[in-house]
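Novice: Provided herewith: input.pdb, PDB, C-alpha atoms, pLDDT in the B column.
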```pdb
ATOM      1  CA  MET O  24      85.065 117.963  50.706  1.00 55.00           C
ATOM      2  CA  GLN O  25      88.732 117.356  51.553  1.00 57.00           C
ATOM      3  CA  THR O  26      91.265 119.496  49.744  1.00 59.00           C
ATOM      4  CA  ARG O  27      94.290 118.068  48.010  1.00 56.00           C
ATOM      5  CA  ASP O  28      96.542 119.348  50.820  1.00 55.00           C
ATOM      6  CA  ASP O  29      94.571 117.447  53.441  1.00 55.00           C
ATOM      7  CA  LEU O  30      94.931 114.200  51.549  1.00 54.00           C
ATOM      8  CA  SER O  31      98.625 114.565  50.762  1.00 55.00           C
ATOM      9  CA  GLY O  32      99.656 115.528  54.286  1.00 57.00           C
ATOM     10  CA  ASP O  33     101.520 113.384  56.806  1.00 58.00           C
ATOM     11  CA  VAL O  34      98.981 110.579  56.802  1.00 53.00           C
ATOM     12  CA  PRO O  35     100.650 108.315  59.406  1.00 56.00           C
ATOM     13  CA  ARG O  36     100.972 111.216  61.817  1.00 58.00           C
ATOM     14  CA  VAL O  37      97.352 112.220  61.279  1.00 51.00           C
ATOM     15  CA  TYR O  38      96.156 108.703  61.994  1.00 52.00           C
ATOM     16  CA  ARG O  39      98.465 108.331  64.984  1.00 54.00           C
ATOM     17  CA  ASP O  40      97.226 111.589  66.498  1.00 56.00           C
ATOM     18  CA  ALA O  41      93.637 110.603  65.844  1.00 51.00           C
ATOM     19  CA  SER O  42      94.034 107.247  67.599  1.00 54.00           C
ATOM     20  CA  PRO O  43      92.059 107.078  70.830  1.00 53.00           C
ATOM     21  CA  TYR O  44      94.776 104.914  72.412  1.00 58.00           C
ATOM     22  CA  GLU O  45      98.067 106.231  73.584  1.00 62.00           C
ATOM     23  CA  ALA O  46     100.819 103.769  72.688  1.00 72.00           C
ATOM     24  CA  PRO O  47     102.719 102.465  75.736  1.00 78.00           C
ATOM     25  CA  ARG O  48     106.177 103.957  76.065  1.00 81.00           C
ATOM     26  CA  ALA O  49     109.142 102.925  78.167  1.00 85.00           C
ATOM     27  CA  TYR O  50     110.399 105.398  80.729  1.00 86.00           C
ATOM     28  CA  PRO O  51     114.119 105.883  81.536  1.00 88.00           C
ATOM     29  CA  ALA O  52     115.657 103.489  84.069  1.00 89.00           C
ATOM     30  CA  GLY O  53     115.794 106.172  86.751  1.00 90.00           C
ATOM     31  CA  ARG O  54     112.085 106.855  86.423  1.00 90.00           C
ATOM     32  CA  ARG O  55     111.332 103.135  86.623  1.00 92.00           C
ATOM     33  CA  MET O  56     113.318 102.769  89.826  1.00 93.00           C
ATOM     34  CA  ALA O  57     111.672 105.875  91.249  1.00 94.00           C
ATOM     35  CA  ALA O  58     108.242 104.437  90.408  1.00 94.00           C
ATOM     36  CA  VAL O  59     109.073 101.208  92.239  1.00 95.00           C
ATOM     37  CA  LEU O  60     110.660 102.861  95.267  1.00 96.00           C
ATOM     38  CA  LEU O  61     108.015 105.571  95.667  1.00 96.00           C
ATOM     39  CA  GLY O  62     105.302 103.025  94.958  1.00 96.00           C
ATOM     40  CA  TRP O  63     106.547 100.968  97.871  1.00 96.00           C
ATOM     41  CA  LEU O  64     106.907 103.937 100.234  1.00 97.00           C
ATOM     42  CA  VAL O  65     103.507 105.468  99.414  1.00 97.00           C
ATOM     43  CA  PRO O  66     100.866 103.218  97.829  1.00 96.00           C
ATOM     44  CA  GLY O  67      99.929 104.645  94.427  1.00 95.00           C
ATOM     45  CA  ALA O  68     102.850 107.093  94.240  1.00 96.00           C
ATOM     46  CA  GLY O  69     104.505 105.007  91.515  1.00 95.00           C
ATOM     47  CA  HIS O  70     101.472 105.537  89.287  1.00 95.00           C
ATOM     48  CA  LEU O  71     101.268 109.221  90.193  1.00 95.00           C
ATOM     49  CA  ILE O  72     104.796 109.986  88.999  1.00 94.00           C
ATOM     50  CA  LEU O  73     104.062 108.121  85.768  1.00 93.00           C
ATOM     51  CA  GLY O  74     101.080 110.384  85.162  1.00 91.00           C
ATOM     52  CA  LYS O  75      98.404 107.801  85.967  1.00 92.00           C
ATOM     53  CA  LEU O  76      96.547 110.106  88.311  1.00 94.00           C
ATOM     54  CA  GLY O  77      93.262 108.219  88.539  1.00 93.00           C
ATOM     55  CA  ARG O  78      94.792 104.868  89.387  1.00 94.00           C
ATOM     56  CA  GLY O  79      97.418 106.458  91.632  1.00 96.00           C
ATOM     57  CA  LEU O  80      94.843 108.289  93.736  1.00 97.00           C
ATOM     58  CA  LEU O  81      92.627 105.203  93.857  1.00 96.00           C
ATOM     59  CA  PHE O  82      95.475 103.062  95.206  1.00 97.00           C
ATOM     60  CA  LEU O  83      96.608 105.780  97.604  1.00 97.00           C
ATOM     61  CA  VAL O  84      93.173 106.133  99.180  1.00 97.00           C
ATOM     62  CA  LEU O  85      92.219 102.457  99.062  1.00 97.00           C
ATOM     63  CA  LEU O  86      95.444 100.862 100.324  1.00 97.00           C
ATOM     64  CA  THR O  87      96.175 103.502 102.950  1.00 97.00           C
ATOM     65  CA  GLY O  88      92.572 103.204 104.092  1.00 97.00           C
ATOM     66  CA  THR O  89      92.885  99.422 104.279  1.00 97.00           C
ATOM     67  CA  PHE O  90      96.016  99.745 106.411  1.00 97.00           C
ATOM     68  CA  VAL O  91      94.354 102.265 108.751  1.00 96.00           C
ATOM     69  CA  LEU O  92      91.282 100.031 108.964  1.00 96.00           C
ATOM     70  CA  GLY O  93      93.530  97.119 109.948  1.00 96.00           C
ATOM     71  CA  LEU O  94      95.071  99.167 112.749  1.00 95.00           C
ATOM     72  CA  ALA O  95      91.653 100.418 113.853  1.00 95.00           C
ATOM     73  CA  LEU O  96      90.484  96.813 114.126  1.00 95.00           C
ATOM     74  CA  HIS O  97      93.351  96.157 116.576  1.00 94.00           C
ATOM     75  CA  GLY O  98      95.580  94.455 114.036  1.00 94.00           C
ATOM     76  CA  ARG O  99      99.143  93.804 115.054  1.00 94.00           C
ATOM     77  CA  LEU O 100     102.299  94.856 113.209  1.00 95.00           C
ATOM     78  CA  PHE O 101     104.732  91.954 112.993  1.00 93.00           C
ATOM     79  CA  TRP O 102     108.499  92.006 113.203  1.00 92.00           C
ATOM     80  CA  PRO O 103     110.676  88.885 112.663  1.00 90.00           C
ATOM     81  CA  THR O 104     111.313  87.282 116.042  1.00 87.00           C
ATOM     82  CA  PRO O 105     113.849  84.554 116.901  1.00 86.00           C
ATOM     83  CA  ALA O 106     112.436  81.026 116.846  1.00 83.00           C
ATOM     84  CA  GLU O 107     111.605  79.543 120.248  1.00 82.00           C
ATOM     85  CA  THR O 108     113.012  76.149 119.290  1.00 79.00           C
ATOM     86  CA  PRO O 109     116.397  75.909 117.527  1.00 72.00           C
ATOM     87  CA  SER O 110     115.965  75.599 113.764  1.00 72.00           C
ATOM     88  CA  ALA O 111     117.933  76.076 110.573  1.00 72.00           C
ATOM     89  CA  LEU O 112     116.335  79.494 110.179  1.00 76.00           C
ATOM     90  CA  TYR O 113     117.217  81.756 113.081  1.00 83.00           C
ATOM     91  CA  PHE O 114     113.871  83.538 112.881  1.00 84.00           C
ATOM     92  CA  ASP O 115     110.399  82.163 113.396  1.00 85.00           C
ATOM     93  CA  LEU O 116     109.359  81.629 109.761  1.00 88.00           C
ATOM     94  CA  ILE O 117     105.741  82.674 110.187  1.00 90.00           C
ATOM     95  CA  THR O 118     106.684  86.031 111.705  1.00 91.00           C
ATOM     96  CA  VAL O 119     109.064  86.605 108.786  1.00 92.00           C
ATOM     97  CA  LEU O 120     106.275  85.921 106.288  1.00 94.00           C
ATOM     98  CA  TRP O 121     103.790  88.112 108.167  1.00 94.00           C
ATOM     99  CA  PHE O 122     106.375  90.877 108.361  1.00 95.00           C
ATOM    100  CA  LEU O 123     107.079  90.647 104.612  1.00 96.00           C
ATOM    101  CA  ALA O 124     103.351  90.851 103.870  1.00 96.00           C
ATOM    102  CA  GLN O 125     102.814  93.903 106.069  1.00 96.00           C
ATOM    103  CA  VAL O 126     105.968  95.812 105.165  1.00 96.00           C
ATOM    104  CA  GLY O 127     104.644  96.063 101.600  1.00 95.00           C
ATOM    105  CA  SER O 128     102.672  99.074 102.862  1.00 95.00           C
ATOM    106  CA  GLY O 129     105.931 101.049 103.075  1.00 94.00           C
ATOM    107  CA  LEU O 130     105.761 104.271 105.056  1.00 96.00           C
ATOM    108  CA  CYS O 131     102.408 103.296 106.563  1.00 95.00           C
ATOM    109  CA  TYR O 132     104.140 100.357 108.249  1.00 96.00           C
ATOM    110  CA  ILE O 133     107.335 102.237 109.132  1.00 96.00           C
ATOM    111  CA  ILE O 134     105.599 105.275 110.650  1.00 96.00           C
ATOM    112  CA  SER O 135     103.080 103.145 112.542  1.00 95.00           C
ATOM    113  CA  TYR O 136     105.843 100.940 113.906  1.00 94.00           C
ATOM    114  CA  LEU O 137     107.976 103.916 114.950  1.00 95.00           C
ATOM    115  CA  PHE O 138     105.040 105.539 116.735  1.00 94.00           C
ATOM    116  CA  GLY O 139     104.053 102.263 118.378  1.00 92.00           C
ATOM    117  CA  PHE O 140     100.669 101.831 116.664  1.00 92.00           C
ATOM    118  CA  GLY O 141      99.789  98.151 116.484  1.00 88.00           C
ATOM    119  CA  THR O 142     102.980  96.976 118.128  1.00 88.00           C
ATOM    120  CA  THR O 143     101.187  95.735 121.239  1.00 88.00           C
ATOM    121  CA  PRO O 144      99.099  92.662 120.363  1.00 86.00           C
ATOM    122  CA  ILE O 145      95.546  92.645 121.704  1.00 89.00           C
ATOM    123  CA  PRO O 146      94.422  89.071 120.921  1.00 87.00           C
ATOM    124  CA  GLU O 147      91.446  89.352 123.266  1.00 90.00           C
ATOM    125  CA  ALA O 148      89.918  92.006 120.989  1.00 88.00           C
ATOM    126  CA  ALA O 149      87.079  90.550 118.920  1.00 89.00           C
ATOM    127  CA  THR O 150      88.427  92.105 115.721  1.00 90.00           C
ATOM    128  CA  PHE O 151      92.099  91.203 116.248  1.00 92.00           C
ATOM    129  CA  GLU O 152      92.284  88.655 113.410  1.00 93.00           C
ATOM    130  CA  TYR O 153      90.245  90.859 111.066  1.00 94.00           C
ATOM    131  CA  GLY O 154      92.715  93.664 111.706  1.00 95.00           C
ATOM    132  CA  ASN O 155      95.683  91.423 110.946  1.00 95.00           C
ATOM    133  CA  THR O 156      94.043  90.273 107.729  1.00 95.00           C
ATOM    134  CA  PHE O 157      93.479  93.821 106.498  1.00 97.00           C
ATOM    135  CA  LEU O 158      97.075  94.748 107.341  1.00 97.00           C
ATOM    136  CA  PHE O 159      98.295  91.765 105.295  1.00 97.00           C
ATOM    137  CA  LEU O 160      95.900  92.671 102.480  1.00 96.00           C
ATOM    138  CA  ALA O 161      97.163  96.264 102.254  1.00 97.00           C
ATOM    139  CA  GLY O 162     100.807  95.164 102.037  1.00 97.00           C
ATOM    140  CA  LEU O 163     100.280  92.317  99.588  1.00 97.00           C
ATOM    141  CA  LEU O 164      98.065  94.354  97.265  1.00 97.00           C
ATOM    142  CA  ASN O 165     100.679  97.103  97.259  1.00 97.00           C
ATOM    143  CA  TYR O 166     103.243  94.594  95.940  1.00 97.00           C
ATOM    144  CA  LEU O 167     100.907  93.987  92.979  1.00 97.00           C
ATOM    145  CA  VAL O 168     100.456  97.725  92.511  1.00 97.00           C
ATOM    146  CA  ILE O 169     104.245  98.239  92.513  1.00 97.00           C
ATOM    147  CA  TYR O 170     104.604  95.531  89.892  1.00 96.00           C
ATOM    148  CA  ASP O 171     101.901  97.230  87.811  1.00 95.00           C
ATOM    149  CA  ALA O 172     103.738 100.568  88.060  1.00 95.00           C
ATOM    150  CA  TYR O 173     106.933  98.863  86.890  1.00 95.00           C
ATOM    151  CA  ASP O 174     105.088  97.336  83.922  1.00 93.00           C
ATOM    152  CA  ILE O 175     103.798 100.771  82.929  1.00 93.00           C
ATOM    153  CA  ALA O 176     107.251 102.318  83.334  1.00 93.00           C
ATOM    154  CA  ALA O 177     108.794  99.542  81.229  1.00 91.00           C
ATOM    155  CA  GLY O 178     106.303 100.197  78.425  1.00 88.00           C
ATOM    156  CA  ARG O 179     104.585  96.834  78.724  1.00 87.00           C
ATOM    157  CA  LYS O 180     101.143  98.298  79.379  1.00 83.00           C
ATOM    158  CA  ARG O 181      99.256 101.564  79.456  1.00 79.00           C
TER     159      ARG O 181
ATOM    160  CA  MET U  10      80.261  90.673 111.174  1.00 84.00           C
ATOM    161  CA  HIS U  11      82.219  87.950 109.428  1.00 87.00           C
ATOM    162  CA  VAL U  12      80.284  88.285 106.159  1.00 91.00           C
ATOM    163  CA  LEU U  13      80.628  92.067 106.326  1.00 93.00           C
ATOM    164  CA  MET U  14      84.397  91.789 106.729  1.00 94.00           C
ATOM    165  CA  MET U  15      84.603  89.186 103.979  1.00 94.00           C
ATOM    166  CA  SER U  16      82.619  91.469 101.649  1.00 95.00           C
ATOM    167  CA  LEU U  17      84.848  94.425 102.469  1.00 95.00           C
ATOM    168  CA  TYR U  18      87.955  92.327 101.861  1.00 96.00           C
ATOM    169  CA  ALA U  19      86.524  91.119  98.539  1.00 96.00           C
ATOM    170  CA  ALA U  20      85.579  94.653  97.478  1.00 97.00           C
ATOM    171  CA  ILE U  21      89.055  96.046  98.196  1.00 97.00           C
ATOM    172  CA  ALA U  22      90.849  93.167  96.492  1.00 96.00           C
ATOM    173  CA  ALA U  23      88.485  93.239  93.493  1.00 96.00           C
ATOM    174  CA  THR U  24      88.930  96.999  93.031  1.00 96.00           C
ATOM    175  CA  VAL U  25      92.726  96.754  92.962  1.00 96.00           C
ATOM    176  CA  LEU U  26      92.760  93.641  90.769  1.00 95.00           C
ATOM    177  CA  ALA U  27      90.370  95.270  88.299  1.00 94.00           C
ATOM    178  CA  ALA U  28      92.445  98.457  88.202  1.00 94.00           C
ATOM    179  CA  ILE U  29      95.685  96.624  87.359  1.00 93.00           C
ATOM    180  CA  GLU U  30      94.096  94.158  84.954  1.00 88.00           C
ATOM    181  CA  PRO U  31      96.152  94.481  81.731  1.00 82.00           C
ATOM    182  CA  ARG U  32      93.667  92.963  79.273  1.00 83.00           C
ATOM    183  CA  HIS U  33      90.937  95.579  79.703  1.00 76.00           C
ATOM    184  CA  ASP U  34      91.351  99.198  78.711  1.00 75.00           C
ATOM    185  CA  SER U  35      87.909 100.670  79.095  1.00 86.00           C
ATOM    186  CA  LEU U  36      86.416 101.598  82.445  1.00 87.00           C
ATOM    187  CA  ARG U  37      83.339  99.525  81.686  1.00 92.00           C
ATOM    188  CA  ASP U  38      85.382  96.362  81.057  1.00 91.00           C
ATOM    189  CA  ARG U  39      87.352  96.934  84.226  1.00 92.00           C
ATOM    190  CA  PHE U  40      84.142  97.428  86.204  1.00 93.00           C
ATOM    191  CA  ILE U  41      82.690  94.168  84.876  1.00 94.00           C
ATOM    192  CA  HIS U  42      85.952  92.354  85.629  1.00 94.00           C
ATOM    193  CA  GLY U  43      85.917  93.777  89.157  1.00 95.00           C
ATOM    194  CA  LEU U  44      82.349  92.589  89.688  1.00 96.00           C
ATOM    195  CA  LYS U  45      83.338  89.082  88.547  1.00 96.00           C
ATOM    196  CA  VAL U  46      86.289  89.017  90.943  1.00 96.00           C
ATOM    197  CA  PHE U  47      84.118  90.319  93.784  1.00 97.00           C
ATOM    198  CA  GLY U  48      81.468  87.700  93.073  1.00 97.00           C
ATOM    199  CA  SER U  49      84.099  84.965  92.865  1.00 96.00           C
ATOM    200  CA  PHE U  50      85.556  85.938  96.234  1.00 95.00           C
ATOM    201  CA  LEU U  51      82.141  85.927  97.885  1.00 95.00           C
ATOM    202  CA  GLY U  52      80.920  82.781  96.128  1.00 96.00           C
ATOM    203  CA  ILE U  53      84.035  80.742  96.878  1.00 96.00           C
ATOM    204  CA  GLY U  54      84.075  82.046 100.455  1.00 93.00           C
ATOM    205  CA  LEU U  55      80.469  81.024 101.050  1.00 93.00           C
ATOM    206  CA  LEU U  56      81.036  77.661  99.341  1.00 94.00           C
ATOM    207  CA  LEU U  57      84.091  76.932 101.505  1.00 93.00           C
ATOM    208  CA  SER U  58      82.247  77.912 104.669  1.00 91.00           C
ATOM    209  CA  TRP U  59      79.345  75.647 103.689  1.00 92.00           C
ATOM    210  CA  ILE U  60      81.738  72.724 103.052  1.00 92.00           C
ATOM    211  CA  LEU U  61      83.761  73.320 106.220  1.00 91.00           C
ATOM    212  CA  PHE U  62      80.802  73.961 108.535  1.00 88.00           C
ATOM    213  CA  PRO U  63      80.073  70.278 109.405  1.00 88.00           C
ATOM    214  CA  ILE U  64      83.745  69.491 110.098  1.00 86.00           C
ATOM    215  CA  PRO U  65      84.139  69.572 113.890  1.00 81.00           C
ATOM    216  CA  TRP U  66      87.850  70.431 114.092  1.00 72.00           C
TER     217      TRP U  66
END
```
How would this structure read if it were set down as structure tokens?
Specialist:
Amino acid sequence: MQTRDDLSGDVPRVYRDASPYEAPRAYPAGRRMAAVLLGWLVPGAGHLILGKLGRGLLFLVLLTGTFVLGLALHGRLFWPTPAETPSALYFDLITVLWFLAQVGSGLCYIISYLFGFGTTPIPEAATFEYGNTFLFLAGLLNYLVIYDAYDIAAGRKR
Amino acid sequence: MHVLMMSLYAAIAATVLAAIEPRHDSLRDRFIHGLKVFGSFLGIGLLLSWILFPIPW
């Protein structure tokens, strides 16, 4: 049987503490920016600094693995190149788009490019296009993951 | 090889999309959502390949 003290206590606090769901909370602006920046540099790091360890580790392993798989399948890292025919845009548009897709992987792209991994195209390799596709996939999915980290940091979701 | 790569692509994309899905909180709901996304990727991929197969160019 409940005592009188139990019933007359801080009822809202008791119910709030007993709730299985943690209410979303907004993080300070600095933490939000850090989540976005770190999330871009290292896939999943944005979630890790917000305390979402499970999702952060999942994204870290999955997206880094996808990028490495793309390189292992002889995928090529793209960099914007000048257009062969004169156009309004100085750069070849498709290389700009491919670059933007791949650079979403952050440090994976930067380190690989600096060390020369994937910078020499091998189109005769049977898995060349598969490799490119996985490199695009890793970068583009990381943009979604960064956006998710920002949503969590802004208190819009758990 | 192509189906294997398509399945791998679908599995990776479905896992990430299920993990960031905002409408589902429980792991079970996310898992079911991920399976639906995975199935959609594979189904639409196979359907497109079946439609495009007779086209010679």
Novice: Evaluate the ChimeraX specification (/O :<12) & /U on the structure here and hand back the selected residues as a PyMOL selection string.
Specialist: chain U and resi 10-15+17-36
Novice: Using CA of Tyr173 in chain O and CA of Leu120 in chain O as the two end points, give the distance in Å to one decimal.
Specialist: 23.3 Å
Novice: Kindly resolve the PyMOL selection byres ((chain O and resi 141) around 6) on the present coordinates and return the residues as a PyMOL selection string.
Specialist: chain O and resi 99-100+140+142-143
Novice: Starting from the shown file, work through the PyMOL selection byres ((chain O and resi 59) around 12) and note down what comes out as a PyMOL selection string.
Specialist: chain O and resi 52-58+60-73+127+129+165-177
Novice: Restricting the output to C-alpha atoms, write the selected residues as a PDB file, keeping the file's coordinate frame.
Specialist:
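Written output follows (result.pdb):
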```pdb
ATOM      1  CA  ALA O  52     115.657 103.489  84.069  1.00 89.00           C
ATOM      2  CA  GLY O  53     115.794 106.172  86.751  1.00 90.00           C
ATOM      3  CA  ARG O  54     112.085 106.855  86.423  1.00 90.00           C
ATOM      4  CA  ARG O  55     111.332 103.135  86.623  1.00 92.00           C
ATOM      5  CA  MET O  56     113.318 102.769  89.826  1.00 93.00           C
ATOM      6  CA  ALA O  57     111.672 105.875  91.249  1.00 94.00           C
ATOM      7  CA  ALA O  58     108.242 104.437  90.408  1.00 94.00           C
ATOM      8  CA  LEU O  60     110.660 102.861  95.267  1.00 96.00           C
ATOM      9  CA  LEU O  61     108.015 105.571  95.667  1.00 96.00           C
ATOM     10  CA  GLY O  62     105.302 103.025  94.958  1.00 96.00           C
ATOM     11  CA  TRP O  63     106.547 100.968  97.871  1.00 96.00           C
ATOM     12  CA  LEU O  64     106.907 103.937 100.234  1.00 97.00           C
ATOM     13  CA  VAL O  65     103.507 105.468  99.414  1.00 97.00           C
ATOM     14  CA  PRO O  66     100.866 103.218  97.829  1.00 96.00           C
ATOM     15  CA  GLY O  67      99.929 104.645  94.427  1.00 95.00           C
ATOM     16  CA  ALA O  68     102.850 107.093  94.240  1.00 96.00           C
ATOM     17  CA  GLY O  69     104.505 105.007  91.515  1.00 95.00           C
ATOM     18  CA  HIS O  70     101.472 105.537  89.287  1.00 95.00           C
ATOM     19  CA  LEU O  71     101.268 109.221  90.193  1.00 95.00           C
ATOM     20  CA  ILE O  72     104.796 109.986  88.999  1.00 94.00           C
ATOM     21  CA  LEU O  73     104.062 108.121  85.768  1.00 93.00           C
ATOM     22  CA  GLY O 127     104.644  96.063 101.600  1.00 95.00           C
ATOM     23  CA  GLY O 129     105.931 101.049 103.075  1.00 94.00           C
ATOM     24  CA  ASN O 165     100.679  97.103  97.259  1.00 97.00           C
ATOM     25  CA  TYR O 166     103.243  94.594  95.940  1.00 97.00           C
ATOM     26  CA  LEU O 167     100.907  93.987  92.979  1.00 97.00           C
ATOM     27  CA  VAL O 168     100.456  97.725  92.511  1.00 97.00           C
ATOM     28  CA  ILE O 169     104.245  98.239  92.513  1.00 97.00           C
ATOM     29  CA  TYR O 170     104.604  95.531  89.892  1.00 96.00           C
ATOM     30  CA  ASP O 171     101.901  97.230  87.811  1.00 95.00           C
ATOM     31  CA  ALA O 172     103.738 100.568  88.060  1.00 95.00           C
ATOM     32  CA  TYR O 173     106.933  98.863  86.890  1.00 95.00           C
ATOM     33  CA  ASP O 174     105.088  97.336  83.922  1.00 93.00           C
ATOM     34  CA  ILE O 175     103.798 100.771  82.929  1.00 93.00           C
ATOM     35  CA  ALA O 176     107.251 102.318  83.334  1.00 93.00           C
ATOM     36  CA  ALA O 177     108.794  99.542  81.229  1.00 91.00           C
TER      37      ALA O 177
END
```
Novice: In Å, with one decimal, what is the gap from CA of Val119 in chain O to CA of Pro144 in chain O?
Specialist: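 CA of Pro144 in chain O lies at a distance of 16.4 Å from CA of Val119 in chain O.
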Novice: Please report the interatomic distance between CA of Phe90 in chain O and CA of Leu158 in chain O in Å with one decimal.
Specialist: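 Going from CA of Phe90 in chain O over to CA of Leu158 in chain O covers 5.2 Å.
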Novice: When you count all atoms listed in the file, which of these residues is closest to Phe122 in chain O: O:Gly162, O:Gly98, O:Gly93, O:Gly178?
Specialist: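 Selected residue with least distance to Phe122 in chain O: O:Gly162.
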Novice: Do you know which residues are at most 12 Å from Pro103 in chain O counting all atoms listed in the file, after dropping those on the same chain fewer than 4 positions away, and could you put them as a ChimeraX atom specification?
Specialist: /O:112-126
Novice: Just the selected residues (C-alpha atoms), exported as a PDB file, keeping the file's coordinate frame, please.
Specialist:
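Ended up saving to selection_3.pdb:
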```pdb
ATOM      1  CA  LEU O 112     116.335  79.494 110.179  1.00 76.00           C
ATOM      2  CA  TYR O 113     117.217  81.756 113.081  1.00 83.00           C
ATOM      3  CA  PHE O 114     113.871  83.538 112.881  1.00 84.00           C
ATOM      4  CA  ASP O 115     110.399  82.163 113.396  1.00 85.00           C
ATOM      5  CA  LEU O 116     109.359  81.629 109.761  1.00 88.00           C
ATOM      6  CA  ILE O 117     105.741  82.674 110.187  1.00 90.00           C
ATOM      7  CA  THR O 118     106.684  86.031 111.705  1.00 91.00           C
ATOM      8  CA  VAL O 119     109.064  86.605 108.786  1.00 92.00           C
ATOM      9  CA  LEU O 120     106.275  85.921 106.288  1.00 94.00           C
ATOM     10  CA  TRP O 121     103.790  88.112 108.167  1.00 94.00           C
ATOM     11  CA  PHE O 122     106.375  90.877 108.361  1.00 95.00           C
ATOM     12  CA  LEU O 123     107.079  90.647 104.612  1.00 96.00           C
ATOM     13  CA  ALA O 124     103.351  90.851 103.870  1.00 96.00           C
ATOM     14  CA  GLN O 125     102.814  93.903 106.069  1.00 96.00           C
ATOM     15  CA  VAL O 126     105.968  95.812 105.165  1.00 96.00           C
TER      16      VAL O 126
END
```
